[in-house]
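> Provided below: work_36.cif, containing mmCIF, C-alpha atoms.
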```
data_coords
#
loop_
_atom_site.label_atom_id
_atom_site.label_comp_id
_atom_site.auth_asym_id
_atom_site.auth_seq_id
_atom_site.Cartn_x
_atom_site.Cartn_y
_atom_site.Cartn_z
CA MET A 1 19.69 -3.24 24.35
CA SER A 2 18.55 -6.25 22.35
CA GLY A 3 15.71 -5.52 19.94
CA SER A 4 16.49 -1.80 19.66
CA ALA A 5 18.33 0.25 17.10
CA PRO A 6 20.43 3.35 17.92
CA GLY A 7 18.25 6.10 19.29
CA GLY A 8 15.87 3.69 20.99
CA GLU A 9 13.98 2.64 17.85
CA PRO A 10 13.23 -1.10 17.60
CA ASP A 11 15.25 -2.98 14.99
CA ASP A 12 13.65 -5.32 12.44
CA ALA A 13 13.66 -8.31 14.80
CA GLY A 14 12.19 -6.18 17.59
CA SER A 15 9.52 -4.79 15.27
CA GLN A 16 8.55 -8.26 14.11
CA ARG A 17 8.32 -9.48 17.69
CA LEU A 18 6.19 -6.46 18.60
CA GLU A 19 3.83 -7.17 15.70
CA GLN A 20 3.61 -10.82 16.75
CA LEU A 21 2.71 -9.78 20.30
CA LYS A 22 0.00 -7.50 18.93
CA LEU A 23 -1.43 -10.34 16.85
CA GLU A 24 -1.39 -12.69 19.83
CA ALA A 25 -3.16 -10.08 21.96
CA LEU A 26 -5.77 -9.56 19.24
CA ALA A 27 -6.25 -13.32 18.92
CA ASP A 28 -6.76 -13.68 22.68
CA PHE A 29 -9.22 -10.78 22.69
CA ALA A 30 -11.15 -12.14 19.70
CA ALA A 31 -11.35 -15.62 21.22
CA GLY A 32 -12.54 -14.24 24.56
CA ALA A 33 -14.98 -11.81 22.96
CA GLY A 34 -16.31 -14.55 20.71
CA HIS A 35 -16.93 -16.86 23.65
CA GLU A 36 -18.61 -14.17 25.77
CA MET A 37 -20.57 -12.40 23.03
CA ASN A 38 -21.63 -15.03 20.52
CA ASN A 39 -24.14 -16.71 22.84
CA PRO A 40 -26.10 -13.51 23.68
CA LEU A 41 -25.82 -12.44 20.03
CA ALA A 42 -27.36 -15.75 19.00
CA VAL A 43 -30.22 -15.19 21.45
CA ILE A 44 -30.82 -11.64 20.14
CA ALA A 45 -30.73 -12.73 16.51
CA GLY A 46 -32.89 -15.80 17.14
CA ARG A 47 -35.51 -13.89 19.11
CA ALA A 48 -35.64 -11.14 16.47
CA GLN A 49 -36.09 -13.74 13.75
CA LEU A 50 -38.82 -15.50 15.72
CA LEU A 51 -40.73 -12.28 16.35
CA LEU A 52 -40.27 -11.27 12.73
CA SER A 53 -41.99 -14.43 11.50
CA ASP A 54 -45.25 -13.47 13.30
CA GLU A 55 -45.15 -9.66 13.04
CA PRO A 56 -47.69 -8.15 10.60
CA ASP A 57 -46.82 -4.45 11.15
CA PRO A 58 -44.38 -3.22 8.45
CA GLU A 59 -42.58 -0.73 10.71
CA ARG A 60 -42.04 -3.31 13.44
CA ARG A 61 -40.89 -5.85 10.85
CA ALA A 62 -38.32 -3.34 9.62
CA SER A 63 -37.08 -2.73 13.18
CA LEU A 64 -36.80 -6.46 13.91
CA ALA A 65 -34.97 -7.05 10.64
CA LEU A 66 -32.52 -4.29 11.58
CA ILE A 67 -31.90 -5.89 15.00
CA TRP A 68 -31.19 -9.25 13.36
CA ALA A 69 -28.88 -7.71 10.74
CA GLN A 70 -26.85 -5.77 13.32
CA ALA A 71 -26.45 -8.85 15.53
CA GLN A 72 -25.13 -10.71 12.48
CA ARG A 73 -22.77 -7.84 11.76
CA VAL A 74 -21.23 -8.01 15.25
CA HIS A 75 -20.82 -11.77 14.88
CA GLU A 76 -19.03 -11.26 11.54
CA MET A 77 -16.72 -8.62 13.06
CA ILE A 78 -15.66 -11.06 15.78
CA ALA A 79 -15.07 -13.77 13.17
CA ASP A 80 -13.04 -11.35 11.05
CA ALA A 81 -10.84 -10.40 14.02
CA MET A 82 -10.19 -14.08 14.74
CA LEU A 83 -9.37 -14.73 11.08
CA PHE A 84 -6.90 -11.84 11.04
CA ALA A 85 -5.17 -12.87 14.25
CA ARG A 86 -5.11 -16.64 13.70
CA PRO A 87 -5.82 -17.42 10.06
CA PRO A 88 -5.88 -21.02 8.88
CA ALA A 89 -2.86 -22.21 6.93
CA PRO A 90 -3.43 -21.96 3.18
CA GLN A 91 -4.33 -25.18 1.38
CA PHE A 92 -2.14 -24.79 -1.69
CA GLU A 93 -3.18 -26.15 -5.07
CA GLN A 94 -2.68 -25.14 -8.68
CA VAL A 95 -5.12 -22.27 -9.26
CA GLU A 96 -5.95 -20.60 -12.56
CA LEU A 97 -6.19 -16.97 -11.44
CA VAL A 98 -7.81 -15.50 -14.56
CA ALA A 99 -10.82 -17.80 -14.08
CA LEU A 100 -10.90 -17.07 -10.33
CA LEU A 101 -10.84 -13.29 -10.90
CA GLY A 102 -13.54 -13.52 -13.55
CA ARG A 103 -15.78 -15.42 -11.15
CA VAL A 104 -15.15 -12.90 -8.35
CA LEU A 105 -16.02 -10.00 -10.68
CA ARG A 106 -19.30 -11.60 -11.73
CA GLU A 107 -20.20 -12.39 -8.13
CA ALA A 108 -19.33 -8.84 -7.01
CA ALA A 109 -21.63 -7.38 -9.68
CA ALA A 110 -24.47 -9.62 -8.47
CA GLU A 111 -23.92 -9.53 -4.70
CA LEU A 112 -23.61 -5.82 -3.86
CA PRO A 113 -27.26 -4.93 -3.18
CA GLU A 114 -26.54 -1.46 -1.79
CA ARG A 115 -25.28 -0.26 -5.18
CA THR A 116 -26.28 -1.05 -8.73
CA VAL A 117 -23.10 -2.48 -10.26
CA ARG A 118 -22.71 -2.89 -14.02
CA LEU A 119 -19.94 -5.20 -15.18
CA GLU A 120 -18.07 -4.60 -18.44
CA TRP A 121 -15.09 -6.44 -19.90
CA GLY A 122 -11.97 -5.33 -21.77
CA GLU A 123 -10.89 -1.85 -22.82
CA VAL A 124 -13.77 0.41 -21.84
CA GLN A 125 -13.29 4.14 -22.46
CA ARG A 126 -12.10 6.05 -19.39
CA SER A 127 -14.97 8.49 -19.88
CA ALA A 128 -17.57 5.71 -19.64
CA ARG A 129 -19.66 5.77 -16.48
CA SER A 130 -22.69 3.98 -15.08
CA ASP A 131 -25.77 6.22 -15.08
CA SER A 132 -26.79 5.60 -11.47
CA GLY A 133 -24.57 2.93 -9.96
CA VAL A 134 -20.96 1.81 -10.25
CA LEU A 135 -19.25 0.72 -13.46
CA LEU A 136 -17.06 -2.31 -12.74
CA VAL A 137 -14.54 -3.06 -15.49
CA GLY A 138 -12.65 -6.34 -15.73
CA ARG A 139 -9.49 -6.27 -17.85
CA LEU A 140 -8.13 -9.81 -17.75
CA PRO A 141 -5.55 -11.43 -20.05
CA ASP A 142 -6.59 -13.97 -22.66
CA ARG A 143 -4.02 -16.50 -21.49
CA PRO A 144 -4.17 -18.45 -18.20
CA LEU A 145 -2.16 -17.34 -15.16
CA SER A 146 -1.64 -20.25 -12.77
CA ALA A 147 -0.09 -20.19 -9.31
CA GLN A 148 0.17 -22.36 -6.22
CA ALA A 149 -2.45 -20.77 -3.96
CA ASP A 150 -5.47 -21.34 -1.76
CA PRO A 151 -8.45 -20.52 -4.01
CA ASP A 152 -10.83 -19.90 -1.10
CA GLN A 153 -8.47 -17.46 0.60
CA LEU A 154 -7.76 -15.57 -2.63
CA THR A 155 -11.50 -15.34 -3.28
CA VAL A 156 -11.89 -13.70 0.14
CA VAL A 157 -9.03 -11.31 -0.72
CA PHE A 158 -10.40 -10.05 -4.02
CA ARG A 159 -13.99 -9.89 -2.81
CA ALA A 160 -12.86 -7.66 0.06
CA LEU A 161 -10.78 -5.41 -2.19
CA LEU A 162 -13.56 -5.00 -4.75
CA ARG A 163 -16.14 -4.23 -2.06
CA ASN A 164 -13.79 -1.65 -0.57
CA ALA A 165 -13.37 0.05 -3.95
CA VAL A 166 -17.08 -0.02 -4.80
CA GLU A 167 -17.94 1.49 -1.41
CA ALA A 168 -15.34 4.24 -1.94
CA VAL A 169 -16.77 5.59 -5.19
CA GLY A 170 -19.99 7.52 -5.46
CA PRO A 171 -22.93 6.95 -7.80
CA GLY A 172 -21.62 6.97 -11.33
CA GLY A 173 -18.18 5.89 -10.13
CA ARG A 174 -15.78 3.50 -11.80
CA VAL A 175 -13.74 0.52 -10.53
CA GLU A 176 -11.28 -1.44 -12.68
CA LEU A 177 -9.63 -4.79 -12.00
CA SER A 178 -6.69 -5.81 -14.17
CA ALA A 179 -4.19 -8.68 -14.04
CA GLN A 180 -0.88 -9.51 -15.68
CA GLY A 181 1.86 -12.08 -15.29
CA GLU A 182 5.52 -11.28 -14.70
CA ALA A 183 8.57 -13.54 -14.50
CA ASP A 184 7.82 -14.92 -11.04
CA ARG A 185 4.46 -13.51 -9.99
CA VAL A 186 0.96 -12.44 -10.89
CA ILE A 187 0.07 -8.77 -10.39
CA VAL A 188 -3.54 -7.76 -9.82
CA GLU A 189 -4.47 -4.07 -9.63
CA ILE A 190 -7.77 -2.61 -8.48
CA ASP A 191 -8.25 1.05 -9.39
CA ASP A 192 -11.09 3.40 -8.51
CA ASP A 193 -12.01 7.01 -9.21
CA GLY A 194 -13.08 7.73 -5.62
CA PRO A 195 -11.50 10.29 -3.29
CA GLY A 196 -8.34 8.22 -2.83
CA ILE A 197 -6.36 7.56 0.33
CA PRO A 198 -4.31 10.44 1.81
CA ASP A 199 -0.56 9.92 2.09
CA GLU A 200 -0.70 10.07 5.88
CA ALA A 201 -3.32 7.30 6.00
CA ARG A 202 -1.60 4.78 3.72
CA SER A 203 0.57 3.28 6.45
CA HIS A 204 -2.57 2.55 8.50
CA VAL A 205 -5.11 1.26 5.96
CA PHE A 206 -4.32 -2.41 6.68
CA ASN A 207 -4.66 -1.99 10.45
CA PRO A 208 -7.72 -3.78 11.88
CA PHE A 209 -10.74 -1.46 12.18
CA TYR A 210 -8.79 1.56 10.96
CA SER A 211 -11.29 4.11 9.67
CA GLY A 212 -10.34 6.23 6.68
CA ARG A 213 -13.76 7.81 6.41
CA GLN A 214 -12.24 11.12 5.35
CA ALA A 215 -11.11 9.24 2.24
CA GLY A 216 -14.46 7.57 1.69
CA ARG A 217 -13.28 4.27 3.22
CA GLY A 218 -15.35 2.52 5.85
CA LEU A 219 -14.55 1.01 9.21
CA GLY A 220 -13.90 -2.70 9.24
CA MET A 221 -11.59 -5.63 8.53
CA GLY A 222 -11.79 -6.00 4.75
CA LEU A 223 -8.36 -4.61 3.86
CA SER A 224 -6.81 -6.15 6.97
CA LYS A 225 -8.07 -9.62 6.02
CA ALA A 226 -6.79 -9.21 2.50
CA TRP A 227 -3.33 -8.08 3.70
CA ARG A 228 -3.10 -11.00 6.13
CA LEU A 229 -4.13 -13.69 3.63
CA VAL A 230 -1.90 -12.35 0.85
CA GLY A 231 1.01 -12.43 3.31
CA LEU A 232 0.33 -16.12 3.91
CA HIS A 233 0.92 -16.64 0.20
CA GLY A 234 4.29 -14.88 0.30
CA GLY A 235 2.76 -11.94 -1.55
CA SER A 236 2.17 -8.28 -0.83
CA ILE A 237 -0.44 -5.51 -1.09
CA THR A 238 0.54 -1.89 -1.66
CA VAL A 239 -1.51 1.31 -1.92
CA ASP A 240 -0.85 4.07 -4.42
CA ARG A 241 -2.60 6.75 -6.44
CA SER A 242 -4.67 5.51 -9.34
CA PRO A 243 -4.60 6.90 -12.88
CA LEU A 244 -8.39 7.10 -12.45
CA GLY A 245 -7.86 9.68 -9.70
CA GLY A 246 -8.64 7.57 -6.65
CA ALA A 247 -6.77 4.67 -5.05
CA ARG A 248 -4.88 1.75 -6.55
CA LEU A 249 -4.46 -1.47 -4.58
CA ARG A 250 -1.72 -3.64 -6.09
CA VAL A 251 -1.60 -7.33 -5.13
CA GLU A 252 1.42 -9.46 -5.99
CA ILE A 253 1.11 -13.24 -5.73
CA PRO A 254 4.18 -15.41 -6.49
CA TYR A 255 3.66 -18.40 -8.76
CA GLN A 256 5.29 -20.50 -6.05
CA PRO A 257 4.82 -19.39 -2.41
CA CYS A 258 8.21 -18.30 -1.12
CA ARG A 259 7.27 -17.41 2.47
CA ILE A 260 4.52 -18.40 4.86
CA ASP A 261 3.85 -16.17 7.89
CA ALA A 262 1.85 -18.17 10.40
#
```
How does this structure look as structure tokens?


Amino acid sequence: MSGSAPGGEPDDAGSQRLEQLKLEALADFAAGAGHEMNNPLAVIAGRAQLLLSDEPDPERRASLALIWAQAQRVHEMIADAMLFARPPAPQFEQVELVALLGRVLREAAAELPERTVRLEWGEVQRSARSDSGVLLVGRLPDRPLSAQADPDQLTVVFRALLRNAVEAVGPGGRVELSAQGEADRVIVEIDDDGPGIPDEARSHVFNPFYSGRQAGRGLGMGLSKAWRLVGLHGGSITVDRSPLGGARLRVEIPYQPCRIDA
């Protein structure tokens, strides 16, 4: 039978077609859900915001703020599903990745309100920890690393991966981002000292809304978005054990995109 290997297992072409059908189904669902849900979500969020502006009671203000925030969260989940299923084509330009990664690190340290994040640069002792929050270490090369890439999409990728790592470690945890150039690609590694990702979960961590909560990973689309956008650049993301004791996410981006998966 076409599309199957001996024993009834799908061959590579069959597997690729199956994955494409899954993506198309997800895209159709996201588009339909977005159309049906975004209007009532906008009403809920708008009414909560309106009531919040005139509410003097602190407890009621907190409840209204929570309603607004959760409505926004659902809207973002729908948008993430649509991005995963039907991402825009990358707009390639020459990007200096060391500068991009440095900017993402600084923004991550400033924009993660749920944790106190302290950013350090260079070779920081492995024993060093943040007293109450997360120690974020950037180890970037002194020389530029340039590639043909979409800077906005790569910013989304590395923001998502850093947030995932920061959320995985506990208070006093450590996250490191390092980069190096090889003959035909840039390699970026994000290590953490969290609980890691079990072997049996690694083949699923890039699935949309897969929950690895037993490994300290949350439910959502962050890793899925990153995997999808890196694939559009002809690159790859792999998961392994980190020398820090937790997880290592390794991103490889070719200097010149060699494959574009629509």

> Counting only C-alpha atoms, give me one row per residue of region 85-122 of chain A with an atom at most 12 Å from an atom of region 181-197 of chain A, showing the shortest contact pair and its distance in Å to one decimal, sorted by chain then residue number, as JSON lines.


```
{"residue": "A:Val95", "atom": "CA", "partner": "A:Val186", "partner_atom": "CA", "distance": 11.7}
{"residue": "A:Glu96", "atom": "CA", "partner": "A:Val186", "partner_atom": "CA", "distance": 10.8}
{"residue": "A:Leu97", "atom": "CA", "partner": "A:Val186", "partner_atom": "CA", "distance": 8.5}
{"residue": "A:Val98", "atom": "CA", "partner": "A:Val186", "partner_atom": "CA", "distance": 10.0}
{"residue": "A:Leu100", "atom": "CA", "partner": "A:Val188", "partner_atom": "CA", "distance": 11.9}
{"residue": "A:Leu101", "atom": "CA", "partner": "A:Val188", "partner_atom": "CA", "distance": 9.2}
{"residue": "A:Leu105", "atom": "CA", "partner": "A:Ile190", "partner_atom": "CA", "distance": 11.3}
```

> Go ahead and dump the residues you just picked, C-alpha atoms, as a PDB file, in the frame of the given file.


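Result went into part-v8.pdb, see below:
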```
ATOM      1  CA  VAL A  95      -5.120 -22.270  -9.260  1.00  0.00           C
ATOM      2  CA  GLU A  96      -5.950 -20.600 -12.560  1.00  0.00           C
ATOM      3  CA  LEU A  97      -6.190 -16.970 -11.440  1.00  0.00           C
ATOM      4  CA  VAL A  98      -7.810 -15.500 -14.560  1.00  0.00           C
ATOM      5  CA  LEU A 100     -10.900 -17.070 -10.330  1.00  0.00           C
ATOM      6  CA  LEU A 101     -10.840 -13.290 -10.900  1.00  0.00           C
ATOM      7  CA  LEU A 105     -16.020 -10.000 -10.680  1.00  0.00           C
TER       8      LEU A 105
END
```

> Between A:Val169, A:Ile253, A:Val137, A:Val117, which residue has the minimum interatomic distance to Asp150 (chain A), considering only C-alpha atoms?

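Smallest distance to Asp150 (chain A) is found for A:Ile253.
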
> Please report the interatomic distance between CA of Ala160 (chain A) and CA of Ser146 (chain A) in Å with one decimal.

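About the pair CA of Ala160 (chain A) and CA of Ser146 (chain A): they are 21.2 Å apart.
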
> Out of A:Pro90, A:Gly138, A:Gly235, A:Pro151, which residue has the shortest atom-to-atom distance to Tyr255 (chain A) when counting all atoms listed in the file?

A:Gly235

> Just checking: using all atoms listed in the file, which residue out of A:Glu76, A:Glu93, A:Asp199, A:Glu107 ends up closest to Asp152 (chain A)?

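Checking each of A:Glu76, A:Glu93, A:Asp199, A:Glu107 against Asp152 (chain A), counting all atoms listed in the file, the winner is A:Glu93.
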
> Using only C-alpha atoms - which residues lie no farther than 7 Å from the point (-5.5, -13.4, 10.2) in the file's frame? Write them as number ranges by chain.

A: 82-87, 225, 228-229

> To one decimal place in Å, what is the distance between CA of Gln148 (chain A) and CA of Ala99 (chain A)?

14.3 Å

> Give me, as a PyMOL selection string, all polymer residues having an atom no more than 9 Å from Leu140 (chain A), counting all atoms listed in the file and skipping those fewer than 4 positions away in the same chain.

chain A and resi 98+101-102+121-122+177-180

> For the structure provided, state which residues fall under the PyMOL selection byres ((chain A and resi 230) around 9), and present them as an MDAnalysis selection string.

chainID A and resid 153:154 157 225:229 231:237 251:253

> Give me, please, the distance in Å between CA of Val104 (chain A) and CA of Val134 (chain A), quoted to one decimal.

15.9 Å
